[in-house]
$ cat structure-v1.pdb   # PDB, C-alpha atoms, pLDDT in the B column
ATOM      1  CA  MET A  33     126.634  55.102 129.493  1.00 43.00           C
ATOM      2  CA  LYS A  34     125.471  56.901 126.357  1.00 49.00           C
ATOM      3  CA  LYS A  35     125.865  60.239 128.185  1.00 52.00           C
ATOM      4  CA  GLN A  36     129.528  59.439 128.953  1.00 52.00           C
ATOM      5  CA  PHE A  37     130.111  58.431 125.332  1.00 48.00           C
ATOM      6  CA  ILE A  38     128.608  61.691 124.059  1.00 54.00           C
ATOM      7  CA  THR A  39     130.642  63.725 126.536  1.00 55.00           C
ATOM      8  CA  GLY A  40     133.781  61.927 125.385  1.00 56.00           C
ATOM      9  CA  ILE A  41     132.991  62.690 121.766  1.00 55.00           C
ATOM     10  CA  LEU A  42     132.333  66.320 122.587  1.00 58.00           C
ATOM     11  CA  VAL A  43     135.596  66.749 124.441  1.00 56.00           C
ATOM     12  CA  PHE A  44     137.479  65.112 121.584  1.00 51.00           C
ATOM     13  CA  VAL A  45     135.775  67.200 118.927  1.00 52.00           C
ATOM     14  CA  PHE A  46     135.963  70.366 120.987  1.00 53.00           C
ATOM     15  CA  SER A  47     139.670  69.899 121.722  1.00 50.00           C
ATOM     16  CA  PHE A  48     141.030  68.212 118.626  1.00 46.00           C
ATOM     17  CA  GLY A  49     138.368  68.422 115.923  1.00 46.00           C
ATOM     18  CA  LEU A  50     140.153  70.783 113.580  1.00 44.00           C
ATOM     19  CA  ALA A  51     142.980  68.338 113.047  1.00 43.00           C
ATOM     20  CA  TYR A  52     140.574  65.982 111.289  1.00 46.00           C
ATOM     21  CA  ALA A  53     138.631  68.502 109.252  1.00 47.00           C
ATOM     22  CA  GLY A  54     138.318  67.500 105.632  1.00 46.00           C
ATOM     23  CA  LYS A  55     137.466  69.564 102.580  1.00 49.00           C
ATOM     24  CA  GLU A  56     137.119  66.821  99.986  1.00 44.00           C
ATOM     25  CA  LYS A  57     133.869  65.450 101.433  1.00 65.00           C
ATOM     26  CA  GLN A  58     130.433  66.973 101.070  1.00 85.00           C
ATOM     27  CA  VAL A  59     127.994  67.474 103.915  1.00 90.00           C
ATOM     28  CA  SER A  60     125.039  65.152 103.341  1.00 91.00           C
ATOM     29  CA  LYS A  61     121.553  66.416 102.537  1.00 93.00           C
ATOM     30  CA  GLU A  62     120.289  64.787 105.754  1.00 94.00           C
ATOM     31  CA  VAL A  63     122.698  66.785 107.895  1.00 95.00           C
ATOM     32  CA  ARG A  64     122.022  70.060 106.075  1.00 95.00           C
ATOM     33  CA  ASP A  65     118.233  69.580 106.243  1.00 96.00           C
ATOM     34  CA  SER A  66     118.372  68.682 109.932  1.00 96.00           C
ATOM     35  CA  PHE A  67     120.584  71.672 110.725  1.00 97.00           C
ATOM     36  CA  PHE A  68     118.522  74.264 108.864  1.00 96.00           C
ATOM     37  CA  LYS A  69     115.276  72.858 110.270  1.00 96.00           C
ATOM     38  CA  GLU A  70     116.590  73.284 113.821  1.00 94.00           C
ATOM     39  CA  PHE A  71     118.606  76.479 113.281  1.00 96.00           C
ATOM     40  CA  PHE A  72     116.747  78.265 110.473  1.00 94.00           C
ATOM     41  CA  GLN A  73     118.052  81.669 111.639  1.00 94.00           C
ATOM     42  CA  ALA A  74     121.707  80.582 111.583  1.00 96.00           C
ATOM     43  CA  GLU A  75     124.256  82.921 110.054  1.00 96.00           C
ATOM     44  CA  GLU A  76     127.940  82.567 109.192  1.00 96.00           C
ATOM     45  CA  VAL A  77     127.624  78.775 108.902  1.00 96.00           C
ATOM     46  CA  HIS A  78     130.897  76.852 108.646  1.00 96.00           C
ATOM     47  CA  TRP A  79     130.921  73.064 108.126  1.00 96.00           C
ATOM     48  CA  GLU A  80     133.720  70.729 109.221  1.00 93.00           C
ATOM     49  CA  ILE A  81     133.649  67.061 108.321  1.00 91.00           C
ATOM     50  CA  LEU A  82     135.377  64.936 110.938  1.00 86.00           C
ATOM     51  CA  ASP A  83     135.979  61.190 110.848  1.00 81.00           C
ATOM     52  CA  ASN A  84     132.440  60.172 111.869  1.00 83.00           C
ATOM     53  CA  TYR A  85     130.806  63.484 112.706  1.00 90.00           C
ATOM     54  CA  ILE A  86     129.911  66.841 111.238  1.00 94.00           C
ATOM     55  CA  ARG A  87     130.741  69.961 113.224  1.00 94.00           C
ATOM     56  CA  VAL A  88     128.853  73.139 112.356  1.00 96.00           C
ATOM     57  CA  SER A  89     130.007  76.490 113.695  1.00 96.00           C
ATOM     58  CA  PHE A  90     127.527  79.331 113.305  1.00 97.00           C
ATOM     59  CA  LYS A  91     125.990  82.401 114.860  1.00 97.00           C
ATOM     60  CA  MET A  92     122.404  82.773 115.947  1.00 96.00           C
ATOM     61  CA  ASN A  93     121.171  85.980 117.560  1.00 93.00           C
ATOM     62  CA  ASP A  94     124.802  87.186 117.475  1.00 93.00           C
ATOM     63  CA  GLN A  95     125.871  84.274 119.686  1.00 95.00           C
ATOM     64  CA  PRO A  96     128.541  81.844 118.426  1.00 96.00           C
ATOM     65  CA  LEU A  97     127.368  78.224 118.651  1.00 96.00           C
ATOM     66  CA  THR A  98     128.641  74.834 117.566  1.00 96.00           C
ATOM     67  CA  ALA A  99     126.442  71.865 116.696  1.00 96.00           C
ATOM     68  CA  LEU A 100     127.652  68.317 116.315  1.00 95.00           C
ATOM     69  CA  TYR A 101     125.837  65.817 114.064  1.00 95.00           C
ATOM     70  CA  TYR A 102     126.126  62.174 113.182  1.00 93.00           C
ATOM     71  CA  GLN A 103     126.531  61.515 109.452  1.00 90.00           C
ATOM     72  CA  ASP A 104     122.840  60.517 109.200  1.00 93.00           C
ATOM     73  CA  GLY A 105     121.669  63.966 110.344  1.00 94.00           C
ATOM     74  CA  GLU A 106     120.972  63.163 113.997  1.00 95.00           C
ATOM     75  CA  LEU A 107     121.892  66.062 116.271  1.00 95.00           C
ATOM     76  CA  ILE A 108     124.335  64.983 118.983  1.00 94.00           C
ATOM     77  CA  ALA A 109     124.755  68.237 120.890  1.00 94.00           C
ATOM     78  CA  VAL A 110     124.912  72.011 120.751  1.00 96.00           C
ATOM     79  CA  MET A 111     127.764  73.828 122.483  1.00 95.00           C
ATOM     80  CA  ARG A 112     128.372  77.414 123.463  1.00 95.00           C
ATOM     81  CA  HIS A 113     131.097  79.206 125.351  1.00 94.00           C
ATOM     82  CA  ILE A 114     129.884  80.881 128.527  1.00 95.00           C
ATOM     83  CA  LEU A 115     131.277  82.950 131.368  1.00 94.00           C
ATOM     84  CA  SER A 116     131.573  81.411 134.832  1.00 92.00           C
ATOM     85  CA  ASP A 117     128.781  83.591 136.188  1.00 90.00           C
ATOM     86  CA  HIS A 118     126.410  81.788 133.788  1.00 92.00           C
ATOM     87  CA  LEU A 119     126.987  78.456 135.526  1.00 92.00           C
ATOM     88  CA  PRO A 120     124.335  77.109 137.888  1.00 91.00           C
ATOM     89  CA  MET A 121     125.151  78.582 141.295  1.00 92.00           C
ATOM     90  CA  SER A 122     126.005  75.212 142.891  1.00 91.00           C
ATOM     91  CA  LEU A 123     128.619  74.493 140.199  1.00 93.00           C
ATOM     92  CA  PHE A 124     130.003  78.003 140.341  1.00 93.00           C
ATOM     93  CA  LEU A 125     130.483  77.806 144.124  1.00 93.00           C
ATOM     94  CA  LEU A 126     132.100  74.357 143.959  1.00 92.00           C
ATOM     95  CA  LEU A 127     134.484  75.540 141.274  1.00 92.00           C
ATOM     96  CA  LYS A 128     135.516  78.597 143.312  1.00 93.00           C
ATOM     97  CA  LYS A 129     135.902  76.521 146.486  1.00 94.00           C
ATOM     98  CA  ASP A 130     137.713  73.458 145.141  1.00 93.00           C
ATOM     99  CA  TYR A 131     139.815  75.123 142.417  1.00 92.00           C
ATOM    100  CA  ARG A 132     140.527  78.569 143.834  1.00 92.00           C
ATOM    101  CA  ASN A 133     144.206  78.380 142.783  1.00 91.00           C
ATOM    102  CA  PHE A 134     143.255  77.889 139.123  1.00 93.00           C
ATOM    103  CA  TRP A 135     141.985  80.251 136.474  1.00 93.00           C
ATOM    104  CA  ILE A 136     139.423  79.350 133.866  1.00 94.00           C
ATOM    105  CA  THR A 137     140.785  79.187 130.331  1.00 93.00           C
ATOM    106  CA  ASP A 138     137.643  77.848 128.673  1.00 93.00           C
ATOM    107  CA  LEU A 139     134.090  77.063 129.727  1.00 95.00           C
ATOM    108  CA  VAL A 140     131.526  75.358 127.508  1.00 94.00           C
ATOM    109  CA  GLU A 141     127.877  74.535 128.048  1.00 94.00           C
ATOM    110  CA  VAL A 142     126.850  71.372 126.205  1.00 93.00           C
ATOM    111  CA  ASN A 143     123.170  70.685 125.502  1.00 93.00           C
ATOM    112  CA  SER A 144     122.393  67.138 124.464  1.00 89.00           C
ATOM    113  CA  GLN A 145     119.080  65.317 124.605  1.00 83.00           C
ATOM    114  CA  ASN A 146     117.541  68.161 126.654  1.00 82.00           C
ATOM    115  CA  ASN A 147     120.283  67.881 129.285  1.00 87.00           C
ATOM    116  CA  ALA A 148     122.884  70.524 130.034  1.00 89.00           C
ATOM    117  CA  SER A 149     126.404  69.621 131.017  1.00 91.00           C
ATOM    118  CA  TYR A 150     129.522  71.714 131.363  1.00 93.00           C
ATOM    119  CA  LEU A 151     133.177  71.377 130.436  1.00 93.00           C
ATOM    120  CA  VAL A 152     135.748  73.678 131.993  1.00 94.00           C
ATOM    121  CA  SER A 153     139.469  73.958 131.351  1.00 93.00           C
ATOM    122  CA  LEU A 154     141.476  75.200 134.308  1.00 93.00           C
ATOM    123  CA  GLU A 155     145.087  76.245 134.523  1.00 92.00           C
ATOM    124  CA  SER A 156     147.484  76.856 137.382  1.00 90.00           C
ATOM    125  CA  GLU A 157     151.201  77.536 137.505  1.00 85.00           C
ATOM    126  CA  ASP A 158     152.057  73.849 137.201  1.00 85.00           C
ATOM    127  CA  ARG A 159     149.107  72.016 135.646  1.00 87.00           C
ATOM    128  CA  ASP A 160     146.054  72.012 133.409  1.00 89.00           C
ATOM    129  CA  ILE A 161     142.827  70.204 134.244  1.00 90.00           C
ATOM    130  CA  MET A 162     139.597  69.607 132.357  1.00 92.00           C
ATOM    131  CA  LEU A 163     136.509  69.067 134.474  1.00 92.00           C
ATOM    132  CA  LYS A 164     133.028  68.021 133.502  1.00 92.00           C
ATOM    133  CA  SER A 165     129.694  68.199 135.225  1.00 91.00           C
ATOM    134  CA  ASP A 166     126.350  66.769 134.299  1.00 82.00           C
ATOM    135  CA  MET A 167     124.771  68.393 137.368  1.00 73.00           C
ATOM    136  CA  GLU A 168     124.339  65.070 139.172  1.00 69.00           C
ATOM    137  CA  VAL A 169     127.599  64.924 141.133  1.00 75.00           C
ATOM    138  CA  GLY A 170     129.169  68.354 140.847  1.00 88.00           C
ATOM    139  CA  TRP A 171     132.552  68.569 139.115  1.00 92.00           C
ATOM    140  CA  GLU A 172     134.736  65.620 138.269  1.00 90.00           C
ATOM    141  CA  ILE A 173     138.107  65.450 136.577  1.00 87.00           C
ATOM    142  CA  PHE A 174     137.523  64.358 133.008  1.00 79.00           C
ATOM    143  CA  LEU A 175     141.001  64.499 131.544  1.00 77.00           C
ATOM    144  CA  VAL A 176     144.132  63.465 133.371  1.00 56.00           C
ATOM    145  CA  GLU A 177     146.111  66.386 134.710  1.00 63.00           C
ATOM    146  CA  LYS A 178     149.009  67.479 132.543  1.00 60.00           C
ATOM    147  CA  HIS A 179     152.109  68.802 134.243  1.00 59.00           C
ATOM    148  CA  LYS A 180     153.713  71.692 132.458  1.00 54.00           C
ATOM    149  CA  ASN A 181     157.427  72.049 132.064  1.00 61.00           C
ATOM    150  CA  THR A 182     158.067  74.681 134.704  1.00 53.00           C
ATOM    151  CA  GLY A 183     161.838  74.678 134.257  1.00 53.00           C
ATOM    152  CA  LEU A 184     162.365  73.514 137.843  1.00 46.00           C
ATOM    153  CA  HIS A 185     164.503  70.443 138.423  1.00 41.00           C
TER     154      HIS A 185
END
$ encode --input "structure-v1.pdb" --output "structure tokens"
Amino acid sequence: MKKQFITGILVFVFSFGLAYAGKEKQVSKEVRDSFFKEFFQAEEVHWEILDNYIRVSFKMNDQPLTALYYQDGELIAVMRHILSDHLPMSLFLLLKKDYRNFWITDLVEVNSQNNASYLVSLESEDRDIMLKSDMEVGWEIFLVEKHKNTGLH
């Protein structure tokens, strides 16, 4: 259940986090200490304070990453954008088989509590879908499909 909660938070923050970013608050010492202990080689660090979470965008080894923290400094997850050929082969093949009429618009690897999961946004001519996988059951629809206004009546 906690894994589903974390995935829900990540999708929300990943998709809508900027709308809640605040500049008037300060990032706590606990969060900063935790971040720099874990990511001491981080560069180009950018902090965003959300309602109940801190989102940190940064680069490490020239790779853009995002970390999500609770206000008390506990690391929730680390996210990075990847290409489809970096997916585990079983997920890659399922995606190509079951969603061959879609193209990938975004693909994120989420590492939380030593577990990797994946979020993928797919688009076709008439709909968008977000799928998630925690490697246990393949891909499952995470967000309800949205139908685009195609202009057809």
$ residues_around --input "structure-v1.pdb" --residues "stretch 83-85 of chain A" --least-positions-apart "2" --cutoff "6 Å" --atoms "only C-alpha atoms" --output "PyMOL selection string"
chain A and resi 101-103
$ closest_residue --input "structure-v1.pdb" --among "A:Asn93, A:Asn146, A:Ser156, A:Met111" --to "A:Arg132" --atoms "all atoms listed in the file"
A:Ser156
$ residues_around --input "structure-v1.pdb" --residues "A:Ile173" --least-positions-apart "3" --cutoff "8 Å" --atoms "only C-alpha atoms" --output "list of chain:residue names"
A:Ile161, A:Met162, A:Leu163, A:Lys164, A:Val176
$ resolve_selection --input "structure-v1.pdb" --expression "the PyMOL selection byres ((chain A and resi 145) around 10)" --output "VMD selection string"
chain A and resid 35 107 to 110 142 to 144 146 to 148
$ residues_around --input "structure-v1.pdb" --residues "A:Thr98" --least-positions-apart "3" --cutoff "12 Å" --atoms "all atoms listed in the file" --output "MDAnalysis selection string"
chainID A and resid 42 45:46 49 67 71 74:80 86:92 95 101 107:113 140:143
$ axis_aligned_box --input "structure-v1.pdb" --around "stretch 158-164 of chain A" --padding-each-side "8 Å" --output "AutoDock Vina command-line options"
--center_x 142.5 --center_y 70.9 --center_z 134.8 --size_x 35.0 --size_y 21.8 --size_z 20.8
$ closest_residue --input "structure-v1.pdb" --among "A:Val152, A:Val59, A:Leu123, A:Met167" --to "A:Leu82" --atoms "all atoms listed in the file"
A:Val59
$ atom_distance --input "structure-v1.pdb" --atom1 "atom CA of A:Arg159" --atom2 "atom CA of A:Phe124"
20.6 Å
$ atom_distance --input "structure-v1.pdb" --atom1 "atom CA of A:Ser149" --atom2 "atom CA of A:Asp94"
22.2 Å
$ atom_distance --input "structure-v1.pdb" --atom1 "atom CA of A:Tyr150" --atom2 "atom CA of A:Asp166"
6.6 Å
